[in-house]
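One file, start.csv, carrying CSV, C-alpha atoms and all ligand atoms:
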```
chain,number,residue,atom,x,y,z
A,1,MET,CA,46.3,-93.8,151.4
A,2,SER,CA,44.1,-92.3,148.7
A,3,GLU,CA,42.0,-90.3,151.2
A,4,ILE,CA,42.7,-86.5,151.3
A,5,HIS,CA,43.6,-85.1,154.7
A,6,GLU,CA,43.9,-81.6,155.9
A,7,GLY,CA,47.5,-80.3,155.0
A,8,ASP,CA,47.8,-82.6,151.9
A,9,ASP,CA,48.8,-81.2,148.6
A,10,VAL,CA,46.2,-81.7,145.8
A,11,LEU,CA,46.5,-81.0,142.0
A,12,LEU,CA,43.3,-79.3,140.9
A,13,TYR,CA,42.9,-80.4,137.3
A,14,LEU,CA,40.7,-78.3,134.9
A,15,ASP,CA,42.2,-79.5,131.6
A,16,GLN,CA,45.6,-80.5,130.3
A,17,ARG,CA,46.9,-76.9,130.3
A,18,ARG,CA,45.3,-75.7,133.5
A,19,THR,CA,46.3,-77.4,136.7
A,20,TYR,CA,46.9,-75.9,140.2
A,21,LEU,CA,49.0,-77.3,143.0
A,22,VAL,CA,47.2,-76.3,146.3
A,23,LYS,CA,47.4,-77.2,150.0
A,24,VAL,CA,44.1,-78.4,151.6
A,25,GLU,CA,43.4,-76.2,154.6
A,26,LYS,CA,40.3,-75.5,156.7
A,27,GLY,CA,38.6,-72.2,155.8
A,28,LYS,CA,40.8,-71.7,152.7
A,29,SER,CA,39.4,-71.3,149.2
A,30,PHE,CA,41.3,-71.4,145.9
A,31,HIS,CA,40.3,-68.7,143.4
A,32,THR,CA,40.6,-69.1,139.6
A,33,HIS,CA,38.9,-67.3,136.6
A,34,LYS,CA,36.5,-70.3,136.7
A,35,GLY,CA,35.3,-69.4,140.2
A,36,PHE,CA,36.5,-70.5,143.6
A,37,VAL,CA,36.9,-73.9,145.1
A,38,GLN,CA,36.3,-74.5,148.9
A,39,LEU,CA,39.3,-76.7,149.7
A,40,GLU,CA,38.0,-78.0,153.0
A,41,GLU,CA,35.3,-79.8,151.1
A,42,LEU,CA,38.0,-82.2,149.9
A,43,VAL,CA,38.9,-83.5,153.4
A,44,GLY,CA,37.9,-87.1,153.7
A,45,LYS,CA,37.3,-87.6,150.0
A,46,GLN,CA,39.3,-89.9,147.8
A,47,TYR,CA,41.9,-88.5,145.4
A,48,GLY,CA,40.4,-88.4,142.0
A,49,THR,CA,37.1,-86.9,143.3
A,50,ARG,CA,35.3,-84.1,141.3
A,51,ILE,CA,34.6,-80.8,143.0
A,52,ALA,CA,32.5,-77.9,141.5
A,53,SER,CA,33.7,-74.3,141.8
A,54,SER,CA,31.4,-71.4,142.7
A,55,MET,CA,30.7,-71.0,139.0
A,56,ASN,CA,29.8,-74.7,138.8
A,57,ILE,CA,32.9,-75.6,136.8
A,58,GLU,CA,34.2,-79.1,137.6
A,59,PHE,CA,37.8,-79.6,138.8
A,60,ILE,CA,39.3,-83.0,139.6
A,61,ALA,CA,41.4,-83.3,142.8
A,62,LEU,CA,44.4,-85.4,141.7
A,63,LYS,CA,47.2,-86.7,143.9
A,64,PRO,CA,50.3,-84.7,142.8
A,65,MET,CA,53.1,-86.6,141.2
A,66,LEU,CA,56.8,-85.9,141.4
A,67,GLN,CA,56.6,-84.1,138.0
A,68,ASP,CA,53.8,-81.8,139.3
A,69,HIS,CA,55.9,-80.7,142.2
A,70,ILE,CA,58.8,-80.0,139.7
A,71,PHE,CA,56.7,-78.1,137.1
A,72,LYS,CA,55.1,-75.9,139.8
A,73,MET,CA,58.3,-74.9,141.6
A,74,GLN,CA,59.1,-71.3,142.0
A,75,ARG,CA,62.1,-70.9,139.7
A,76,ARG,CA,65.2,-68.8,139.8
A,77,THR,CA,67.2,-70.9,137.3
A,78,GLN,CA,66.5,-73.1,134.3
A,79,ILE,CA,65.4,-76.4,135.7
A,80,THR,CA,66.3,-79.9,134.4
A,81,TYR,CA,63.3,-81.1,132.3
A,82,PRO,CA,61.5,-84.3,133.4
A,83,LYS,CA,62.5,-86.1,130.2
A,84,ASP,CA,66.2,-85.5,131.1
A,85,ILE,CA,65.6,-86.2,134.8
A,86,ALA,CA,64.2,-89.6,133.8
A,87,LEU,CA,67.4,-90.5,131.9
A,88,ILE,CA,69.7,-89.1,134.6
A,89,LEU,CA,67.9,-91.3,137.2
A,90,MET,CA,68.5,-94.4,135.0
A,91,PHE,CA,72.1,-93.6,134.2
A,92,SER,CA,72.9,-92.7,137.8
A,93,ASP,CA,71.3,-95.9,139.1
A,94,ALA,CA,69.7,-93.8,141.9
A,95,GLY,CA,67.7,-95.9,144.3
A,96,SER,CA,66.8,-96.4,147.9
A,97,GLY,CA,70.0,-96.0,149.9
A,98,SER,CA,72.1,-94.3,147.3
A,99,LYS,CA,74.6,-91.7,148.4
A,100,ILE,CA,74.7,-88.9,145.8
A,101,VAL,CA,76.6,-85.7,145.3
A,102,GLU,CA,75.0,-83.1,143.0
A,103,ALA,CA,75.8,-79.6,141.7
A,104,GLY,CA,74.5,-77.0,141.2
A,105,THR,CA,71.3,-77.2,143.1
A,106,GLY,CA,69.7,-74.4,141.1
A,107,THR,CA,65.9,-74.4,141.6
A,108,GLY,CA,66.1,-77.9,143.1
A,109,ALA,CA,64.1,-79.7,140.4
A,110,LEU,CA,66.7,-82.5,139.8
A,111,THR,CA,67.5,-82.5,143.6
A,112,THR,CA,63.8,-83.2,144.3
A,113,ALA,CA,63.7,-86.1,141.9
A,114,LEU,CA,66.9,-87.6,143.3
A,115,ALA,CA,65.7,-87.3,146.9
A,116,TYR,CA,62.4,-88.9,146.0
A,117,HIS,CA,64.2,-91.9,144.6
A,118,ILE,CA,66.9,-92.4,147.2
A,119,ARG,CA,64.4,-92.3,150.2
A,120,PRO,CA,64.3,-93.4,152.9
A,121,THR,CA,67.8,-94.6,153.5
A,122,GLY,CA,69.9,-92.6,151.0
A,123,HIS,CA,71.1,-89.0,151.0
A,124,VAL,CA,71.7,-86.3,148.4
A,125,TYR,CA,74.5,-83.7,149.1
A,126,SER,CA,73.8,-80.8,146.8
A,127,TYR,CA,76.3,-78.0,146.2
A,128,GLU,CA,75.1,-74.5,145.1
A,129,ILE,CA,77.4,-71.5,144.7
A,130,ARG,CA,74.7,-68.8,144.9
A,131,GLU,CA,73.1,-68.4,148.4
A,132,ASN,CA,69.8,-67.0,147.1
A,133,PHE,CA,69.3,-70.0,144.8
A,134,MET,CA,70.1,-72.3,147.7
A,135,GLU,CA,67.4,-70.7,149.8
A,136,MET,CA,64.8,-71.0,147.0
A,137,ALA,CA,65.7,-74.6,146.4
A,138,LEU,CA,65.4,-75.4,150.1
A,139,LYS,CA,61.9,-73.9,150.1
A,140,ASN,CA,61.0,-76.1,147.1
A,141,LEU,CA,62.4,-79.2,148.7
A,142,ARG,CA,60.3,-78.6,151.8
A,143,ARG,CA,57.2,-78.1,149.7
A,144,ALA,CA,57.8,-81.4,147.9
A,145,GLY,CA,58.3,-83.1,151.3
A,146,VAL,CA,61.8,-84.4,150.6
A,147,SER,CA,64.1,-81.9,152.4
A,148,GLU,CA,65.1,-84.4,155.1
A,149,TYR,CA,66.9,-86.5,152.5
A,150,VAL,CA,69.0,-83.6,151.2
A,151,THR,CA,71.9,-81.5,152.6
A,152,VAL,CA,72.4,-78.3,150.6
A,153,LYS,CA,75.8,-76.7,150.8
A,154,ASN,CA,76.5,-73.1,149.8
A,155,ARG,CA,79.8,-74.0,148.2
A,156,ASP,CA,81.7,-73.9,144.9
A,157,ILE,CA,82.1,-77.6,143.9
A,158,THR,CA,85.1,-76.8,141.7
A,159,GLU,CA,87.0,-76.3,145.0
A,160,GLY,CA,86.4,-79.9,146.1
A,161,VAL,CA,83.9,-82.5,147.4
A,162,ASP,CA,83.7,-83.3,151.1
A,163,GLU,CA,82.0,-86.7,150.8
A,164,THR,CA,83.7,-90.0,150.1
A,165,GLU,CA,82.4,-93.5,149.1
A,166,VAL,CA,79.8,-91.8,146.9
A,167,ASP,CA,77.6,-93.9,144.6
A,168,ALA,CA,77.0,-91.2,142.0
A,169,VAL,CA,78.1,-87.6,141.2
A,170,ILE,CA,75.6,-85.6,139.1
A,171,LEU,CA,76.5,-82.3,137.5
A,172,ASP,CA,74.4,-79.6,136.0
A,173,LEU,CA,76.6,-76.5,136.0
A,174,ALA,CA,78.5,-74.4,133.6
A,175,THR,CA,82.0,-75.9,134.0
A,176,PRO,CA,81.6,-79.7,134.8
A,177,TRP,CA,85.1,-80.5,133.5
A,178,LEU,CA,86.5,-78.6,136.5
A,179,VAL,CA,84.8,-81.1,138.9
A,180,ILE,CA,85.8,-84.4,137.3
A,181,SER,CA,89.0,-84.9,139.4
A,182,HIS,CA,87.1,-84.1,142.6
A,183,ALA,CA,84.3,-86.5,141.6
A,184,TYR,CA,86.8,-89.2,140.9
A,185,THR,CA,88.2,-88.9,144.5
A,186,ALA,CA,84.7,-88.8,146.0
A,187,LEU,CA,83.3,-91.8,144.1
A,188,LYS,CA,83.5,-95.5,145.1
A,189,GLY,CA,85.3,-97.8,142.7
A,190,SER,CA,83.0,-98.3,139.7
A,191,GLY,CA,80.9,-95.3,140.9
A,192,ILE,CA,78.9,-93.2,138.3
A,193,LEU,CA,79.3,-89.7,137.0
A,194,VAL,CA,76.5,-88.1,135.1
A,195,SER,CA,76.8,-84.6,133.6
A,196,PHE,CA,74.1,-82.5,131.9
A,197,SER,CA,75.2,-79.7,129.6
A,198,PRO,CA,73.4,-77.5,127.1
A,199,THR,CA,76.3,-77.1,124.7
A,200,ILE,CA,78.6,-79.4,122.7
A,201,ASP,CA,81.6,-77.4,123.7
A,202,GLN,CA,80.9,-78.2,127.4
A,203,VAL,CA,80.5,-81.9,126.5
A,204,VAL,CA,83.8,-82.1,124.6
A,205,LYS,CA,85.7,-80.6,127.6
A,206,THR,CA,83.9,-82.9,130.0
A,207,VAL,CA,84.5,-86.1,128.0
A,208,GLU,CA,88.2,-85.2,127.7
A,209,ALA,CA,88.5,-84.7,131.4
A,210,LEU,CA,86.7,-88.0,132.1
A,211,LYS,CA,89.1,-89.9,129.9
A,212,GLU,CA,92.2,-88.2,131.4
A,213,ASN,CA,90.9,-88.9,135.0
A,214,GLY,CA,90.4,-92.7,134.8
A,215,PHE,CA,86.7,-92.9,133.9
A,216,VAL,CA,85.5,-95.6,131.4
A,217,ALA,CA,82.2,-96.5,129.6
A,218,VAL,CA,81.8,-92.8,128.7
A,219,GLU,CA,78.7,-92.1,126.6
A,220,THR,CA,76.9,-89.0,125.6
A,221,VAL,CA,73.2,-88.9,124.5
A,222,GLU,CA,70.5,-86.4,123.7
A,223,CYS,CA,66.9,-87.0,124.5
A,224,LEU,CA,64.2,-85.5,122.3
A,225,MET,CA,60.6,-85.9,123.4
A,226,ARG,CA,57.8,-85.3,120.9
A,227,GLY,CA,54.2,-85.0,122.0
A,228,MET,CA,51.4,-86.6,120.0
A,229,GLN,CA,48.0,-85.2,119.2
A,230,VAL,CA,45.6,-88.1,119.3
A,231,GLU,CA,42.2,-88.0,117.6
A,232,ARG,CA,40.8,-90.6,115.3
A,233,GLY,CA,41.7,-89.8,111.7
A,234,LYS,CA,43.9,-86.8,112.7
A,235,THR,CA,46.6,-88.4,114.9
A,236,ARG,CA,50.0,-86.9,114.3
A,237,PRO,CA,53.0,-85.2,116.2
A,238,GLN,CA,52.2,-81.9,117.8
A,239,THR,CA,53.5,-78.9,115.8
A,240,LEU,CA,55.5,-77.5,118.7
A,241,MET,CA,58.1,-79.2,120.8
A,242,THR,CA,61.0,-78.4,123.1
A,243,GLY,CA,63.7,-78.5,120.4
A,244,HIS,CA,66.7,-78.5,122.7
A,245,THR,CA,67.5,-78.8,126.4
A,246,GLY,CA,71.0,-80.4,126.6
A,247,TYR,CA,73.2,-83.5,126.4
A,248,ILE,CA,73.7,-86.1,129.0
A,249,THR,CA,77.2,-87.7,129.5
A,250,HIS,CA,77.7,-90.6,131.8
A,251,ALA,CA,80.7,-92.6,132.8
A,252,ARG,CA,82.1,-95.1,135.4
A,253,LYS,CA,85.1,-94.8,137.7
A,254,ALA,CA,87.8,-97.4,137.1
A,255,ILE,CA,90.5,-97.9,139.8
A,256,LYS,CA,93.9,-96.5,138.6
B,1,LIG,C1,71.1,-74.8,135.4
B,1,LIG,S1,71.2,-74.6,137.1
B,1,LIG,C2,70.8,-76.1,137.8
B,1,LIG,C3,69.4,-76.5,137.8
B,1,LIG,C4,69.0,-77.7,138.5
B,1,LIG,N1,69.5,-78.9,138.0
B,1,LIG,C5,67.5,-77.8,138.7
B,1,LIG,O1,66.9,-78.8,138.1
B,1,LIG,O2,66.9,-76.9,139.3
B,1,LIG,C6,72.9,-74.4,137.4
B,1,LIG,C7,73.2,-74.0,138.9
B,1,LIG,O3,74.6,-74.3,139.1
B,1,LIG,C8,75.1,-73.3,140.0
B,1,LIG,N2,76.6,-73.4,139.9
B,1,LIG,C9,77.3,-72.9,138.9
B,1,LIG,N3,78.6,-73.1,139.1
B,1,LIG,C10,78.7,-73.7,140.3
B,1,LIG,C11,79.8,-74.2,141.1
B,1,LIG,N4,81.0,-74.1,140.7
B,1,LIG,N5,79.5,-74.8,142.3
B,1,LIG,C12,78.2,-75.0,142.8
B,1,LIG,N6,77.1,-74.5,142.0
B,1,LIG,C13,77.4,-73.9,140.8
B,1,LIG,C14,74.4,-72.1,139.5
B,1,LIG,O4,74.4,-71.1,140.5
B,1,LIG,C15,73.0,-72.6,139.2
B,1,LIG,O5,72.2,-72.4,140.3
```
What does this structure look like when you write it as structure tokens?
Ligand SMILES: C[S@@+](CC[C@H](N)C(=O)[O-])C[C@H]1O[C@@H](n2cnc3c(N)ncnc32)[C@H](O)[C@@H]1O
Amino acid sequence: MSEIHEGDDVLLYLDQRRTYLVKVEKGKSFHTHKGFVQLEELVGKQYGTRIASSMNIEFIALKPMLQDHIFKMQRRTQITYPKDIALILMFSDAGSGSKIVEAGTGTGALTTALAYHIRPTGHVYSYEIRENFMEMALKNLRRAGVSEYVTVKNRDITEGVDETEVDAVILDLATPWLVISHAYTALKGSGILVSFSPTIDQVVKTVEALKENGFVAVETVECLMRGMQVERGKTRPQTLMTGHTGYITHARKAIK
């Protein structure tokens, strides 16, 4: 499992700020300002192995994690940040076998994380209104190796949801309150709705719609993540942080 094969993705680690997601292929080299790395030399080695570039600078070949695939995606939209994805996964109870409806797909960062967690027996149905975003997301899902667990639909989700008996509906789009009644119809009894919004105005409209449409256990949270700079005698929070991404609202469907 930890041996590198041809065709595998590897995260070449130089330092905390400089990492590169590359595919190991025969005859292919990866060029950086620190020289080039002959990728085929990695075949048959263990993940975690060290490899020297042509300038004798050492890289470490790490096995890419879900968050590496997400951070390295080609982006057309703002993506859901890993700190928010982690909470959305918890609130949506996404796990193997879950049937999930999501909108909008955007770059596919959140979709990738959902697909990764519902494998191998679950499925994500992801709605995206913009065809060009959908195409980019499909490419990203294939690159992350999870596309078989996702159906992407080039559709406006405010016009309705096709799926029924859904475990969770997850929204990251400008007008989530317009989707709440469709989500209610799509969800199983006691099913879960999670909505991510950058502004409080969106949250208020969404929470009102949830209460009007028979959802209970409605809660909104914000997650702030602060990095630490750790060095003996100098340990303290980092000066810079991502000050705001958005608010996460979650709720459960009660039968009317
Ligand atoms: C912020 S992006 C979503 C990012 C995504 N969560 C990710 O991690 O990559 C919002 C997306 O919602 C899409 N969208 C907006 N309104 C929509 C609608 N009514 N139906 C489907 N998609 C919609 C937009 O085109 C955009 O791609």
Contacts of ligand LIG 1 (chain B), 7 Å or closer, only C-alpha atoms and all ligand atoms, given as an mmCIF file with C-alpha atoms, in the frame of the given file:
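Saved result, result.cif, follows:
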```
data_model
loop_
_atom_site.group_PDB
_atom_site.id
_atom_site.type_symbol
_atom_site.label_atom_id
_atom_site.label_comp_id
_atom_site.auth_asym_id
_atom_site.auth_seq_id
_atom_site.Cartn_x
_atom_site.Cartn_y
_atom_site.Cartn_z
ATOM 1 C CA THR A 77 67.200 -70.900 137.300
ATOM 2 C CA GLN A 78 66.500 -73.100 134.300
ATOM 3 C CA ILE A 79 65.400 -76.400 135.700
ATOM 4 C CA THR A 80 66.300 -79.900 134.400
ATOM 5 C CA ALA A 103 75.800 -79.600 141.700
ATOM 6 C CA GLY A 104 74.500 -77.000 141.200
ATOM 7 C CA THR A 105 71.300 -77.200 143.100
ATOM 8 C CA GLY A 106 69.700 -74.400 141.100
ATOM 9 C CA THR A 107 65.900 -74.400 141.600
ATOM 10 C CA GLY A 108 66.100 -77.900 143.100
ATOM 11 C CA ALA A 109 64.100 -79.700 140.400
ATOM 12 C CA LEU A 110 66.700 -82.500 139.800
ATOM 13 C CA THR A 111 67.500 -82.500 143.600
ATOM 14 C CA TYR A 127 76.300 -78.000 146.200
ATOM 15 C CA GLU A 128 75.100 -74.500 145.100
ATOM 16 C CA ILE A 129 77.400 -71.500 144.700
ATOM 17 C CA ARG A 130 74.700 -68.800 144.900
ATOM 18 C CA PHE A 133 69.300 -70.000 144.800
ATOM 19 C CA ARG A 155 79.800 -74.000 148.200
ATOM 20 C CA ASP A 156 81.700 -73.900 144.900
ATOM 21 C CA ILE A 157 82.100 -77.600 143.900
ATOM 22 C CA THR A 158 85.100 -76.800 141.700
ATOM 23 C CA ASP A 172 74.400 -79.600 136.000
ATOM 24 C CA LEU A 173 76.600 -76.500 136.000
ATOM 25 C CA ALA A 174 78.500 -74.400 133.600
ATOM 26 C CA THR A 175 82.000 -75.900 134.000
#
```
So that I can check the surroundings of segment 117-121 of chain A, please list as an MDAnalysis selection string every protein, DNA and RNA residue that reaches within 6 Å of it, counting all atoms listed in the file and ignoring chain neighbours fewer than 4 positions away.
chainID A and resid 95:98
Atoms to include: C-alpha atoms. Write the selected residues as a CSV table (one decimal), keeping the file's coordinate frame.
```csv
chain,number,residue,atom,x,y,z
A,95,GLY,CA,67.7,-95.9,144.3
A,96,SER,CA,66.8,-96.4,147.9
A,97,GLY,CA,70.0,-96.0,149.9
A,98,SER,CA,72.1,-94.3,147.3
```
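Between atom CA of Ser29 of chain A and atom CA of Gly44 of chain A there is a distance of 16.5 Å.
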Under the rule of at most 9 Å, produce a per-residue listing of segment 122-171 of chain A near segment 186-199 of chain A: chain, number, name, the closest pair of atoms, and the distance in Å, as a tab-separated table, using only C-alpha atoms.
```
residue	atom	partner	partner_atom	distance
A:Val161	CA	A:Ala186	CA	6.5
A:Asp162	CA	A:Ala186	CA	7.6
A:Glu163	CA	A:Ala186	CA	5.9
A:Thr164	CA	A:Ala186	CA	4.4
A:Glu165	CA	A:Lys188	CA	4.6
A:Val166	CA	A:Leu187	CA	4.5
A:Asp167	CA	A:Gly191	CA	5.2
A:Ala168	CA	A:Ile192	CA	4.6
A:Val169	CA	A:Leu193	CA	4.8
A:Ile170	CA	A:Val194	CA	4.8
A:Leu171	CA	A:Ser195	CA	4.5
```
Can you list every residue of segment 89-129 of chain A that has an atom at most 12 Å from segment 226-248 of chain A, with its nearest atom pair and the distance in Å to one decimal, using only C-alpha atoms, ordered by chain then number, as a tab-separated table?
```
residue	atom	partner	partner_atom	distance
A:Leu89	CA	A:Ile248	CA	11.3
A:Met90	CA	A:Ile248	CA	11.5
A:Phe91	CA	A:Ile248	CA	9.3
A:Ser92	CA	A:Ile248	CA	11.0
```
Pull C-alpha atoms from the residues just selected and write them as a JSON list (two decimals), keeping the file's coordinate frame.
```
[["chain", "number", "residue", "atom", "x", "y", "z"],
["A", 89, "LEU", "CA", 67.90, -91.30, 137.20],
["A", 90, "MET", "CA", 68.50, -94.40, 135.00],
["A", 91, "PHE", "CA", 72.10, -93.60, 134.20],
["A", 92, "SER", "CA", 72.90, -92.70, 137.80]]
```
Which distance in Å separates atom CA of Gly48 of chain A and atom CA of Lys28 of chain A, to one decimal?
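Calculated distance between atom CA of Gly48 of chain A and atom CA of Lys28 of chain A is 19.8 Å.
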What's the separation between atom CA of Gln16 of chain A and atom CA of Phe30 of chain A, in Å to one decimal place?
18.6 Å
Identify which of the residues A:Lys63, A:Arg75, A:His182, A:His5 lies closest to Leu42 of chain A, counting only C-alpha atoms when measuring atom-to-atom distances.
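Between A:Lys63, A:Arg75, A:His182, A:His5, the residue approaching Leu42 of chain A most closely is A:His5.
Using only C-alpha atoms, the smallest distance between any of A:Lys83, A:Lys99, A:His33, A:Arg142 and Gly122 of chain A comes from A:Lys99.
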Nearest to Arg50 of chain A: which of A:Leu12, A:Ala86, A:Met73, A:Ala94 is it, counting only C-alpha atoms?
A:Leu12
Can I get segment 150-168 of chain A with N, CA, C and O atoms filled in, as an mmCIF file, in the coordinates of the input?
```cif
data_model
loop_
_atom_site.group_PDB
_atom_site.id
_atom_site.type_symbol
_atom_site.label_atom_id
_atom_site.label_comp_id
_atom_site.auth_asym_id
_atom_site.auth_seq_id
_atom_site.Cartn_x
_atom_site.Cartn_y
_atom_site.Cartn_z
ATOM 1 N N VAL A 150 68.095 -84.419 151.998
ATOM 2 C CA VAL A 150 69.000 -83.600 151.200
ATOM 3 C C VAL A 150 69.817 -82.675 152.186
ATOM 4 O O VAL A 150 69.249 -82.080 153.092
ATOM 5 N N THR A 151 71.141 -82.559 151.954
ATOM 6 C CA THR A 151 71.900 -81.500 152.600
ATOM 7 C C THR A 151 72.398 -80.585 151.506
ATOM 8 O O THR A 151 73.081 -81.013 150.563
ATOM 9 N N VAL A 152 71.957 -79.318 151.582
ATOM 10 C CA VAL A 152 72.400 -78.300 150.600
ATOM 11 C C VAL A 152 73.537 -77.544 151.136
ATOM 12 O O VAL A 152 73.483 -77.077 152.271
ATOM 13 N N LYS A 153 74.593 -77.402 150.338
ATOM 14 C CA LYS A 153 75.800 -76.700 150.800
ATOM 15 C C LYS A 153 76.019 -75.473 149.917
ATOM 16 O O LYS A 153 76.043 -75.608 148.695
ATOM 17 N N ASN A 154 76.203 -74.320 150.552
ATOM 18 C CA ASN A 154 76.500 -73.100 149.800
ATOM 19 C C ASN A 154 77.982 -73.073 149.494
ATOM 20 O O ASN A 154 78.775 -72.417 150.156
ATOM 21 N N ARG A 155 78.352 -73.838 148.445
ATOM 22 C CA ARG A 155 79.800 -74.000 148.200
ATOM 23 C C ARG A 155 80.037 -74.096 146.656
ATOM 24 O O ARG A 155 79.160 -74.470 145.874
ATOM 25 N N ASP A 156 81.280 -73.748 146.276
ATOM 26 C CA ASP A 156 81.700 -73.900 144.900
ATOM 27 C C ASP A 156 82.324 -75.315 144.773
ATOM 28 O O ASP A 156 83.373 -75.608 145.352
ATOM 29 N N ILE A 157 81.672 -76.157 144.017
ATOM 30 C CA ILE A 157 82.100 -77.600 143.900
ATOM 31 C C ILE A 157 83.422 -77.721 143.187
ATOM 32 O O ILE A 157 84.101 -78.739 143.339
ATOM 33 N N THR A 158 83.819 -76.711 142.422
ATOM 34 C CA THR A 158 85.100 -76.800 141.700
ATOM 35 C C THR A 158 86.278 -76.766 142.713
ATOM 36 O O THR A 158 87.418 -77.054 142.363
ATOM 37 N N GLU A 159 85.987 -76.358 143.973
ATOM 38 C CA GLU A 159 87.000 -76.300 145.000
ATOM 39 C C GLU A 159 87.208 -77.625 145.721
ATOM 40 O O GLU A 159 88.119 -77.780 146.543
ATOM 41 N N GLY A 160 86.294 -78.576 145.491
ATOM 42 C CA GLY A 160 86.400 -79.900 146.100
ATOM 43 C C GLY A 160 85.109 -80.437 146.636
ATOM 44 O O GLY A 160 84.138 -79.694 146.769
ATOM 45 N N VAL A 161 85.121 -81.755 146.904
ATOM 46 C CA VAL A 161 83.900 -82.500 147.400
ATOM 47 C C VAL A 161 84.272 -83.060 148.752
ATOM 48 O O VAL A 161 85.298 -83.728 148.892
ATOM 49 N N ASP A 162 83.431 -82.821 149.761
ATOM 50 C CA ASP A 162 83.700 -83.300 151.100
ATOM 51 C C ASP A 162 83.454 -84.819 151.255
ATOM 52 O O ASP A 162 84.111 -85.496 152.033
ATOM 53 N N GLU A 163 82.455 -85.314 150.541
ATOM 54 C CA GLU A 163 82.000 -86.700 150.800
ATOM 55 C C GLU A 163 82.906 -87.701 150.090
ATOM 56 O O GLU A 163 83.573 -87.401 149.093
ATOM 57 N N THR A 164 82.901 -88.906 150.669
ATOM 58 C CA THR A 164 83.700 -90.000 150.100
ATOM 59 C C THR A 164 82.736 -91.223 149.955
ATOM 60 O O THR A 164 81.623 -91.213 150.495
ATOM 61 N N GLU A 165 83.185 -92.249 149.273
ATOM 62 C CA GLU A 165 82.400 -93.500 149.100
ATOM 63 C C GLU A 165 80.997 -93.173 148.516
ATOM 64 O O GLU A 165 79.985 -93.722 148.963
ATOM 65 N N VAL A 166 81.004 -92.289 147.530
ATOM 66 C CA VAL A 166 79.800 -91.800 146.900
ATOM 67 C C VAL A 166 79.374 -92.765 145.772
ATOM 68 O O VAL A 166 80.223 -93.236 145.031
ATOM 69 N N ASP A 167 78.067 -93.030 145.641
ATOM 70 C CA ASP A 167 77.600 -93.900 144.600
ATOM 71 C C ASP A 167 77.553 -93.197 143.211
ATOM 72 O O ASP A 167 77.831 -93.799 142.178
ATOM 73 N N ALA A 168 77.134 -91.921 143.229
ATOM 74 C CA ALA A 168 77.000 -91.200 142.000
ATOM 75 C C ALA A 168 77.252 -89.700 142.200
ATOM 76 O O ALA A 168 76.820 -89.156 143.221
#
```
